[in-house]
Each structure stands twice: as C-alpha cells, then as structure tokens.
$ cat my_file_18.pdb   # PDB, C-alpha atoms
ATOM      1  CA  MET F   1     -62.714 -18.838  35.672  1.00  0.00           C
ATOM      2  CA  MET F   2     -60.027 -18.507  33.031  1.00  0.00           C
ATOM      3  CA  GLN F   3     -62.270 -16.336  30.869  1.00  0.00           C
ATOM      4  CA  GLN F   4     -63.021 -14.082  33.830  1.00  0.00           C
ATOM      5  CA  LYS F   5     -59.301 -13.679  34.540  1.00  0.00           C
ATOM      6  CA  ILE F   6     -58.618 -12.816  30.905  1.00  0.00           C
ATOM      7  CA  GLN F   7     -61.411 -10.232  30.901  1.00  0.00           C
ATOM      8  CA  LYS F   8     -60.034  -8.663  34.065  1.00  0.00           C
ATOM      9  CA  THR F   9     -56.553  -8.370  32.600  1.00  0.00           C
ATOM     10  CA  GLN F  10     -57.831  -6.633  29.447  1.00  0.00           C
ATOM     11  CA  LYS F  11     -57.400  -2.882  29.704  1.00  0.00           C
ATOM     12  CA  ALA F  12     -59.749  -0.297  28.323  1.00  0.00           C
ATOM     13  CA  PRO F  13     -58.429   1.603  25.283  1.00  0.00           C
ATOM     14  CA  THR F  14     -56.669   4.867  26.018  1.00  0.00           C
ATOM     15  CA  LEU F  15     -57.720   8.148  24.407  1.00  0.00           C
ATOM     16  CA  LEU F  16     -54.708   7.989  22.088  1.00  0.00           C
ATOM     17  CA  GLN F  17     -55.673   4.498  20.927  1.00  0.00           C
ATOM     18  CA  TRP F  18     -59.269   5.601  20.474  1.00  0.00           C
ATOM     19  CA  TRP F  19     -58.274   8.575  18.313  1.00  0.00           C
ATOM     20  CA  ALA F  20     -55.901   6.363  16.297  1.00  0.00           C
ATOM     21  CA  TRP F  21     -58.807   3.990  15.683  1.00  0.00           C
ATOM     22  CA  LEU F  22     -60.969   6.899  14.572  1.00  0.00           C
ATOM     23  CA  VAL F  23     -58.347   8.372  12.193  1.00  0.00           C
ATOM     24  CA  THR F  24     -57.544   5.048  10.528  1.00  0.00           C
ATOM     25  CA  ARG F  25     -61.220   4.264   9.971  1.00  0.00           C
ATOM     26  CA  PHE F  26     -61.786   7.777   8.629  1.00  0.00           C
ATOM     27  CA  VAL F  27     -58.963   7.492   6.095  1.00  0.00           C
ATOM     28  CA  GLY F  28     -60.143   4.057   5.008  1.00  0.00           C
ATOM     29  CA  TRP F  29     -63.719   5.178   4.457  1.00  0.00           C
ATOM     30  CA  LEU F  30     -62.446   8.317   2.714  1.00  0.00           C
ATOM     31  CA  VAL F  31     -60.670   6.158   0.140  1.00  0.00           C
ATOM     32  CA  MET F  32     -63.804   4.061  -0.269  1.00  0.00           C
ATOM     33  CA  GLY F  33     -65.841   7.237  -0.725  1.00  0.00           C
ATOM     34  CA  CYS F  34     -63.558   8.382  -3.559  1.00  0.00           C
ATOM     35  CA  PHE F  35     -63.888   4.987  -5.201  1.00  0.00           C
ATOM     36  CA  GLY F  36     -67.651   5.121  -4.687  1.00  0.00           C
ATOM     37  CA  CYS F  37     -67.833   8.479  -6.475  1.00  0.00           C
ATOM     38  CA  VAL F  38     -66.221   6.925  -9.573  1.00  0.00           C
ATOM     39  CA  VAL F  39     -68.545   3.927  -9.418  1.00  0.00           C
ATOM     40  CA  VAL F  40     -71.656   6.110  -9.121  1.00  0.00           C
ATOM     41  CA  ALA F  41     -70.512   8.232 -12.095  1.00  0.00           C
ATOM     42  CA  ILE F  42     -70.014   5.119 -14.231  1.00  0.00           C
ATOM     43  CA  ILE F  43     -73.438   3.794 -13.234  1.00  0.00           C
ATOM     44  CA  MET F  44     -74.991   7.129 -14.198  1.00  0.00           C
ATOM     45  CA  VAL F  45     -73.461   6.917 -17.682  1.00  0.00           C
ATOM     46  CA  ILE F  46     -74.462   3.271 -18.116  1.00  0.00           C
ATOM     47  CA  LEU F  47     -78.063   4.014 -17.170  1.00  0.00           C
ATOM     48  CA  HIS F  48     -78.524   7.431 -18.797  1.00  0.00           C
ATOM     49  CA  GLY F  49     -75.885   7.567 -21.521  1.00  0.00           C
ATOM     50  CA  LEU F  50     -74.719  10.999 -22.654  1.00  0.00           C
ATOM     51  CA  SER F  51     -77.291  12.719 -20.452  1.00  0.00           C
ATOM     52  CA  GLY F  52     -75.490  11.202 -17.463  1.00  0.00           C
ATOM     53  CA  LEU F  53     -72.246  12.822 -18.619  1.00  0.00           C
ATOM     54  CA  THR F  54     -74.038  16.137 -19.028  1.00  0.00           C
ATOM     55  CA  SER F  55     -75.460  15.912 -15.509  1.00  0.00           C
ATOM     56  CA  LEU F  56     -72.037  15.047 -14.139  1.00  0.00           C
ATOM     57  CA  GLN F  57     -70.463  18.028 -15.895  1.00  0.00           C
ATOM     58  CA  ALA F  58     -73.175  20.302 -14.469  1.00  0.00           C
ATOM     59  CA  VAL F  59     -72.431  19.085 -10.931  1.00  0.00           C
ATOM     60  CA  ILE F  60     -68.712  19.686 -11.465  1.00  0.00           C
ATOM     61  CA  GLN F  61     -69.310  23.216 -12.746  1.00  0.00           C
ATOM     62  CA  ASN F  62     -71.592  24.050  -9.828  1.00  0.00           C
ATOM     63  CA  ASP F  63     -69.139  22.723  -7.253  1.00  0.00           C
ATOM     64  CA  TYR F  64     -66.246  24.442  -8.985  1.00  0.00           C
ATOM     65  CA  GLN F  65     -68.025  27.783  -8.621  1.00  0.00           C
ATOM     66  CA  THR F  66     -68.187  27.114  -4.890  1.00  0.00           C
ATOM     67  CA  VAL F  67     -64.440  26.460  -4.896  1.00  0.00           C
ATOM     68  CA  VAL F  68     -63.793  29.699  -6.787  1.00  0.00           C
ATOM     69  CA  ALA F  69     -65.863  31.632  -4.261  1.00  0.00           C
ATOM     70  CA  THR F  70     -64.129  30.157  -1.195  1.00  0.00           C
ATOM     71  CA  ALA F  71     -60.563  29.210  -2.171  1.00  0.00           C
ATOM     72  CA  LYS F  72     -57.551  31.500  -1.913  1.00  0.00           C
ATOM     73  CA  PRO F  73     -55.738  32.378  -5.172  1.00  0.00           C
ATOM     74  CA  ALA F  74     -52.793  30.065  -4.446  1.00  0.00           C
ATOM     75  CA  THR F  75     -55.089  27.184  -3.534  1.00  0.00           C
ATOM     76  CA  LEU F  76     -57.297  27.813  -6.555  1.00  0.00           C
ATOM     77  CA  SER F  77     -54.245  27.821  -8.824  1.00  0.00           C
ATOM     78  CA  LEU F  78     -53.127  24.461  -7.412  1.00  0.00           C
ATOM     79  CA  ILE F  79     -56.603  22.974  -7.862  1.00  0.00           C
ATOM     80  CA  ASN F  80     -56.746  24.245 -11.444  1.00  0.00           C
ATOM     81  CA  GLN F  81     -53.392  22.650 -12.225  1.00  0.00           C
ATOM     82  CA  VAL F  82     -54.585  19.292 -10.950  1.00  0.00           C
ATOM     83  CA  LEU F  83     -57.913  19.552 -12.772  1.00  0.00           C
ATOM     84  CA  ASN F  84     -56.260  20.579 -16.031  1.00  0.00           C
ATOM     85  CA  ALA F  85     -53.955  17.563 -15.830  1.00  0.00           C
ATOM     86  CA  ILE F  86     -57.005  15.286 -16.105  1.00  0.00           C
ATOM     87  CA  PRO F  87     -58.616  15.244 -19.581  1.00  0.00           C
ATOM     88  CA  ASN F  88     -62.362  15.598 -19.923  1.00  0.00           C
ATOM     89  CA  ALA F  89     -62.771  12.698 -22.334  1.00  0.00           C
ATOM     90  CA  ILE F  90     -60.894   9.984 -24.169  1.00  0.00           C
ATOM     91  CA  THR F  91     -60.991   9.602 -27.947  1.00  0.00           C
ATOM     92  CA  ALA F  92     -60.852   6.324 -29.817  1.00  0.00           C
ATOM     93  CA  PRO F  93     -57.281   5.258 -30.736  1.00  0.00           C
ATOM     94  CA  ASP F  94     -56.095   5.216 -34.309  1.00  0.00           C
ATOM     95  CA  TRP F  95     -54.799   1.671 -34.139  1.00  0.00           C
ATOM     96  CA  SER F  96     -57.052  -1.356 -34.490  1.00  0.00           C
ATOM     97  CA  LEU F  97     -57.052  -4.694 -32.727  1.00  0.00           C
ATOM     98  CA  PRO F  98     -55.971  -7.664 -34.848  1.00  0.00           C
ATOM     99  CA  MET F  99     -58.316 -10.565 -35.543  1.00  0.00           C
ATOM    100  CA  ILE F 100     -61.343  -8.447 -34.597  1.00  0.00           C
ATOM    101  CA  SER F 101     -63.747  -6.932 -37.075  1.00  0.00           C
ATOM    102  CA  GLN F 102     -63.889  -3.162 -37.502  1.00  0.00           C
ATOM    103  CA  GLN F 103     -67.601  -3.087 -36.703  1.00  0.00           C
ATOM    104  CA  TYR F 104     -67.094  -4.900 -33.414  1.00  0.00           C
ATOM    105  CA  GLN F 105     -64.261  -2.547 -32.476  1.00  0.00           C
ATOM    106  CA  ARG F 106     -66.408   0.505 -33.214  1.00  0.00           C
ATOM    107  CA  ASP F 107     -69.197  -0.909 -31.045  1.00  0.00           C
ATOM    108  CA  LEU F 108     -66.689  -1.673 -28.313  1.00  0.00           C
ATOM    109  CA  TRP F 109     -65.257   1.860 -28.259  1.00  0.00           C
ATOM    110  CA  THR F 110     -68.762   3.294 -28.433  1.00  0.00           C
ATOM    111  CA  HIS F 111     -69.585   1.612 -25.132  1.00  0.00           C
ATOM    112  CA  LEU F 112     -66.208   2.019 -23.422  1.00  0.00           C
ATOM    113  CA  LEU F 113     -65.416   5.662 -24.198  1.00  0.00           C
ATOM    114  CA  PRO F 114     -68.388   7.143 -22.257  1.00  0.00           C
ATOM    115  CA  VAL F 115     -67.497   4.967 -19.262  1.00  0.00           C
ATOM    116  CA  ALA F 116     -63.870   6.123 -19.382  1.00  0.00           C
ATOM    117  CA  SER F 117     -64.996   9.748 -19.721  1.00  0.00           C
ATOM    118  CA  ALA F 118     -67.261   9.292 -16.699  1.00  0.00           C
ATOM    119  CA  ALA F 119     -64.314   7.963 -14.673  1.00  0.00           C
ATOM    120  CA  LEU F 120     -62.214  10.985 -15.651  1.00  0.00           C
ATOM    121  CA  LEU F 121     -64.982  13.442 -14.757  1.00  0.00           C
ATOM    122  CA  ALA F 122     -65.530  11.619 -11.479  1.00  0.00           C
ATOM    123  CA  SER F 123     -61.813  12.036 -10.716  1.00  0.00           C
ATOM    124  CA  LYS F 124     -62.201  15.788 -11.154  1.00  0.00           C
ATOM    125  CA  LEU F 125     -65.282  15.737  -8.961  1.00  0.00           C
ATOM    126  CA  VAL F 126     -63.373  13.813  -6.271  1.00  0.00           C
ATOM    127  CA  ILE F 127     -60.646  16.477  -6.222  1.00  0.00           C
ATOM    128  CA  ILE F 128     -63.193  19.258  -5.867  1.00  0.00           C
ATOM    129  CA  ARG F 129     -65.150  17.389  -3.206  1.00  0.00           C
ATOM    130  CA  LEU F 130     -62.009  16.596  -1.224  1.00  0.00           C
ATOM    131  CA  TYR F 131     -61.233  20.312  -1.048  1.00  0.00           C
ATOM    132  CA  LEU F 132     -64.790  21.094   0.012  1.00  0.00           C
ATOM    133  CA  LEU F 133     -64.647  18.323   2.592  1.00  0.00           C
ATOM    134  CA  LEU F 134     -61.404  19.832   3.878  1.00  0.00           C
ATOM    135  CA  CYS F 135     -63.250  23.139   4.270  1.00  0.00           C
ATOM    136  CA  TRP F 136     -65.920  21.377   6.356  1.00  0.00           C
ATOM    137  CA  LEU F 137     -63.352  19.495   8.457  1.00  0.00           C
ATOM    138  CA  PRO F 138     -62.746  22.340  10.981  1.00  0.00           C
ATOM    139  CA  LEU F 139     -66.449  22.291  11.891  1.00  0.00           C
ATOM    140  CA  PHE F 140     -66.299  18.541  12.571  1.00  0.00           C
ATOM    141  CA  LEU F 141     -63.084  18.941  14.581  1.00  0.00           C
ATOM    142  CA  LEU F 142     -64.387  21.897  16.592  1.00  0.00           C
ATOM    143  CA  LEU F 143     -67.684  20.244  17.480  1.00  0.00           C
ATOM    144  CA  GLY F 144     -65.942  16.934  18.121  1.00  0.00           C
ATOM    145  CA  LEU F 145     -63.471  18.610  20.481  1.00  0.00           C
ATOM    146  CA  ALA F 146     -66.329  20.341  22.305  1.00  0.00           C
ATOM    147  CA  GLY F 147     -68.148  17.021  22.637  1.00  0.00           C
ATOM    148  CA  LEU F 148     -64.982  15.312  23.891  1.00  0.00           C
ATOM    149  CA  ILE F 149     -64.293  17.979  26.532  1.00  0.00           C
ATOM    150  CA  ASP F 150     -67.893  17.951  27.737  1.00  0.00           C
ATOM    151  CA  GLY F 151     -67.964  14.159  27.829  1.00  0.00           C
ATOM    152  CA  LEU F 152     -64.719  13.921  29.798  1.00  0.00           C
ATOM    153  CA  ALA F 153     -65.981  16.557  32.223  1.00  0.00           C
ATOM    154  CA  GLN F 154     -69.158  14.550  32.834  1.00  0.00           C
ATOM    155  CA  ARG F 155     -67.055  11.408  33.210  1.00  0.00           C
ATOM    156  CA  HIS F 156     -64.936  13.169  35.839  1.00  0.00           C
ATOM    157  CA  ILE F 157     -68.086  14.212  37.708  1.00  0.00           C
ATOM    158  CA  ARG F 158     -69.387  10.643  37.566  1.00  0.00           C
ATOM    159  CA  ARG F 159     -66.035   9.371  38.820  1.00  0.00           C
ATOM    160  CA  ALA F 160     -65.920  11.867  41.704  1.00  0.00           C
ATOM    161  CA  SER F 161     -69.493  11.162  42.779  1.00  0.00           C
ATOM    162  CA  ALA F 162     -69.162   7.370  42.427  1.00  0.00           C
ATOM    163  CA  GLY F 163     -71.814   7.322  39.742  1.00  0.00           C
ATOM    164  CA  ARG F 164     -73.089   4.243  37.975  1.00  0.00           C
ATOM    165  CA  GLU F 165     -70.975   2.842  35.150  1.00  0.00           C
ATOM    166  CA  SER F 166     -72.443   1.166  32.055  1.00  0.00           C
ATOM    167  CA  ALA F 167     -70.215  -0.387  29.419  1.00  0.00           C
ATOM    168  CA  LEU F 168     -73.271  -0.993  27.225  1.00  0.00           C
ATOM    169  CA  ILE F 169     -73.658   2.735  26.549  1.00  0.00           C
ATOM    170  CA  TYR F 170     -69.998   3.032  25.534  1.00  0.00           C
ATOM    171  CA  HIS F 171     -70.103   0.076  23.154  1.00  0.00           C
ATOM    172  CA  ASN F 172     -73.354   1.293  21.583  1.00  0.00           C
ATOM    173  CA  ALA F 173     -72.205   4.907  21.209  1.00  0.00           C
ATOM    174  CA  LYS F 174     -68.759   4.143  19.771  1.00  0.00           C
ATOM    175  CA  PRO F 175     -70.041   2.966  16.341  1.00  0.00           C
ATOM    176  CA  LEU F 176     -72.171   6.118  16.081  1.00  0.00           C
ATOM    177  CA  VAL F 177     -68.987   8.214  15.907  1.00  0.00           C
ATOM    178  CA  MET F 178     -67.922   6.463  12.722  1.00  0.00           C
ATOM    179  CA  LEU F 179     -71.475   6.415  11.385  1.00  0.00           C
ATOM    180  CA  SER F 180     -71.817  10.199  11.664  1.00  0.00           C
ATOM    181  CA  LEU F 181     -68.497  10.640   9.841  1.00  0.00           C
ATOM    182  CA  LEU F 182     -69.618   8.235   7.126  1.00  0.00           C
ATOM    183  CA  LEU F 183     -72.777  10.275   6.667  1.00  0.00           C
ATOM    184  CA  GLY F 184     -70.725  13.390   5.921  1.00  0.00           C
ATOM    185  CA  ILE F 185     -68.167  11.581   3.753  1.00  0.00           C
ATOM    186  CA  PHE F 186     -70.634   9.757   1.545  1.00  0.00           C
ATOM    187  CA  ILE F 187     -72.899  12.771   1.123  1.00  0.00           C
ATOM    188  CA  ASP F 188     -69.922  14.903   0.140  1.00  0.00           C
ATOM    189  CA  LEU F 189     -68.134  12.390  -2.078  1.00  0.00           C
ATOM    190  CA  VAL F 190     -70.516   9.770  -3.400  1.00  0.00           C
ATOM    191  CA  LEU F 191     -73.847  11.430  -4.074  1.00  0.00           C
ATOM    192  CA  PRO F 192     -73.943  13.102  -7.525  1.00  0.00           C
ATOM    193  CA  ILE F 193     -75.697  16.233  -6.265  1.00  0.00           C
ATOM    194  CA  SER F 194     -74.447  19.758  -5.848  1.00  0.00           C
ATOM    195  CA  ILE F 195     -72.717  20.615  -2.588  1.00  0.00           C
ATOM    196  CA  SER F 196     -75.043  23.602  -2.173  1.00  0.00           C
ATOM    197  CA  HIS F 197     -77.934  21.173  -1.594  1.00  0.00           C
ATOM    198  CA  THR F 198     -76.140  19.148   1.090  1.00  0.00           C
ATOM    199  CA  GLU F 199     -74.946  21.843   3.506  1.00  0.00           C
ATOM    200  CA  GLU F 200     -77.805  21.246   5.965  1.00  0.00           C
ATOM    201  CA  ILE F 201     -77.095  17.495   6.008  1.00  0.00           C
ATOM    202  CA  LEU F 202     -73.373  18.121   6.594  1.00  0.00           C
ATOM    203  CA  ILE F 203     -74.199  20.394   9.522  1.00  0.00           C
ATOM    204  CA  LEU F 204     -76.479  17.680  10.920  1.00  0.00           C
ATOM    205  CA  ALA F 205     -73.684  15.114  10.472  1.00  0.00           C
ATOM    206  CA  SER F 206     -71.227  17.330  12.394  1.00  0.00           C
ATOM    207  CA  VAL F 207     -73.714  17.754  15.255  1.00  0.00           C
ATOM    208  CA  LEU F 208     -74.324  13.995  15.385  1.00  0.00           C
ATOM    209  CA  PHE F 209     -70.546  13.478  15.380  1.00  0.00           C
ATOM    210  CA  ALA F 210     -70.157  15.764  18.408  1.00  0.00           C
ATOM    211  CA  LEU F 211     -73.027  14.090  20.270  1.00  0.00           C
ATOM    212  CA  ALA F 212     -71.627  10.625  19.584  1.00  0.00           C
ATOM    213  CA  ILE F 213     -68.180  11.642  20.870  1.00  0.00           C
ATOM    214  CA  GLN F 214     -69.753  13.287  23.924  1.00  0.00           C
ATOM    215  CA  VAL F 215     -71.704  10.147  24.848  1.00  0.00           C
ATOM    216  CA  THR F 216     -68.699   7.907  24.149  1.00  0.00           C
ATOM    217  CA  ALA F 217     -66.332  10.005  26.273  1.00  0.00           C
ATOM    218  CA  LYS F 218     -68.915  10.320  29.042  1.00  0.00           C
ATOM    219  CA  SER F 219     -69.301   6.548  29.232  1.00  0.00           C
ATOM    220  CA  PHE F 220     -65.559   5.771  29.457  1.00  0.00           C
ATOM    221  CA  LYS F 221     -64.674   3.566  32.383  1.00  0.00           C
ATOM    222  CA  LYS F 222     -64.057   5.511  35.566  1.00  0.00           C
ATOM    223  CA  TYR F 223     -60.689   3.857  36.114  1.00  0.00           C
ATOM    224  CA  LEU F 224     -58.518   3.181  33.036  1.00  0.00           C
TER
END
$ encode --input "my_file_18.pdb" --output "structure tokens"
Amino acid sequence: MMQQKIQKTQKAPTLLQWWAWLVTRFVGWLVMGCFGCVVVAIIMVILHGLSGLTSLQAVIQNDYQTVVATAKPATLSLINQVLNAIPNAITAPDWSLPMISQQYQRDLWTHLLPVASAALLASKLVIIRLYLLLCWLPLFLLLGLAGLIDGLAQRHIRRASAGRESALIYHNAKPLVMLSLLLGIFIDLVLPISISHTEEILILASVLFALAIQVTAKSFKKYL
C-alpha cells in the first residue's frame, strides 16, 4: 500500500524538465564524442603507423574544404585562427632524461611522437566536425520541433476523446530520442571518414530523432 501511495504522488516530468534532460545528455555525449575522436585517431596511428597519420590528414583536408565552401568569411577566419593555434606535430625535445640510455629515449620518442601528433590532428578534426555538426543542428531542431508539435497535437486529441493511455510506449520511446542523437554525434565526431560520405546517415538520424520525439510526446500522460 505504501508503494502504491508513493507511485501516486510521483508526478510525470514536465516538458521543461524533459528538454533539460535532453540537453544535458546531449552535451555530455558531445564531450564523450570529442574524446572518442581523439581515441580513434590514436588507435589508427598505433595500428597503421605513419599511414594512419596520412589518412587522418586526408580526412581533415576533405572536411576543411567543406568548411571553406559553407562558412562565412568571418566564421572561416575564426576557425583558421583556432586551427593555426594547434601544431600539426611535435618534435623530440633537445634535453635528455637522466639515468636513461640515449637509445631507450630515442625509442621512446619514436613511439610517443606519432601518438601525440595524432592527438593534435584529432583536435583539429574535432573543431572542424563541431562546426559541421553545428551546421546540421538546425535540421535536427526543425524536425524535432515538428515531431513535438505533432505529438502534442495527437496527445490532445487522445485526451479529448478519452483515448487509451500506455506508459509502456512512453518509456520505450524516450531512450530512442537520445539514441538517434547519439547516432548523429558519433558519426559526425568519432568515425574517421569524410563528412561527405555520412550526409545520408545524418539525415536518417534527424528523421529518427523527429519520430522518437513525436512518439514520446504523443504518449505523454493525459493529465500532468
């Protein structure tokens, strides 16, 4: 009986709370996506050596051409300033570590310098991808808003006609909203492929995002 009383007193989340939940999860996964891009770049260099760095540079050049073709002059100038502040590679220092042989130090720098260069190149790629993701954000917002309005309209119809209510649909559809966003974030940030090859998948992710919001809003409780 006590559990039933507690469940009755619990209120359904408001739209403002739901959007706050969505924004905080999005920012958190965005940070993880940036970190994942650096990790993937380092793994590429560890597995493929200098050819991995070459492939990473090719992806950066291809994506940068997309930025040049779409960005305004002021925005492009700001992006160039940030990119130029990050070096392309790190050279071995002139100083040597005490109590360690010169041969061991050379071997150590031989293995560490490509990894550090990969991290720097991945940082440049993250900056470019964040701009490109920002360019795709209006599509996600527009389709998400359309899905929210349609879902709330269907919820209002269900409320007016005393339709059947199912909390199972709401709880199953809610994670799909975040999952569709994660699909777009990780494709844009993490995968070391050119953005020109992922446009169709990003469009699919935005459509799935709108459908998930539409189903979630439609299945809100009739009385909040």
$ atom_distance --input "my_file_18.pdb" --atom1 "atom CA of Trp109 of chain F" --atom2 "atom CA of Val40 of chain F"
20.6 Å
$ residues_around --input "my_file_18.pdb" --residues "Val190 of chain F" --least-positions-apart "2" --cutoff "7 Å" --atoms "all atoms listed in the file" --output "PDB file with C-alpha atoms, in the coordinates of the input"
ATOM      1  CA  GLY F  33     -65.841   7.237  -0.725  1.00  0.00           C
ATOM      2  CA  GLY F  36     -67.651   5.121  -4.687  1.00  0.00           C
ATOM      3  CA  CYS F  37     -67.833   8.479  -6.475  1.00  0.00           C
ATOM      4  CA  VAL F  40     -71.656   6.110  -9.121  1.00  0.00           C
ATOM      5  CA  PHE F 186     -70.634   9.757   1.545  1.00  0.00           C
ATOM      6  CA  ILE F 187     -72.899  12.771   1.123  1.00  0.00           C
ATOM      7  CA  ASP F 188     -69.922  14.903   0.140  1.00  0.00           C
ATOM      8  CA  PRO F 192     -73.943  13.102  -7.525  1.00  0.00           C
TER       9      PRO F 192
END
$ atom_distance --input "my_file_18.pdb" --atom1 "atom CA of Ile86 of chain F" --atom2 "atom CA of Ile127 of chain F"
10.6 Å
$ atom_distance --input "my_file_18.pdb" --atom1 "atom CA of Asn88 of chain F" --atom2 "atom CA of Arg129 of chain F"
17.0 Å
$ closest_residue --input "my_file_18.pdb" --among "F:Asp63, F:Val38, F:Gln214, F:Pro73" --to "Arg155 of chain F" --atoms "only C-alpha atoms"
F:Gln214
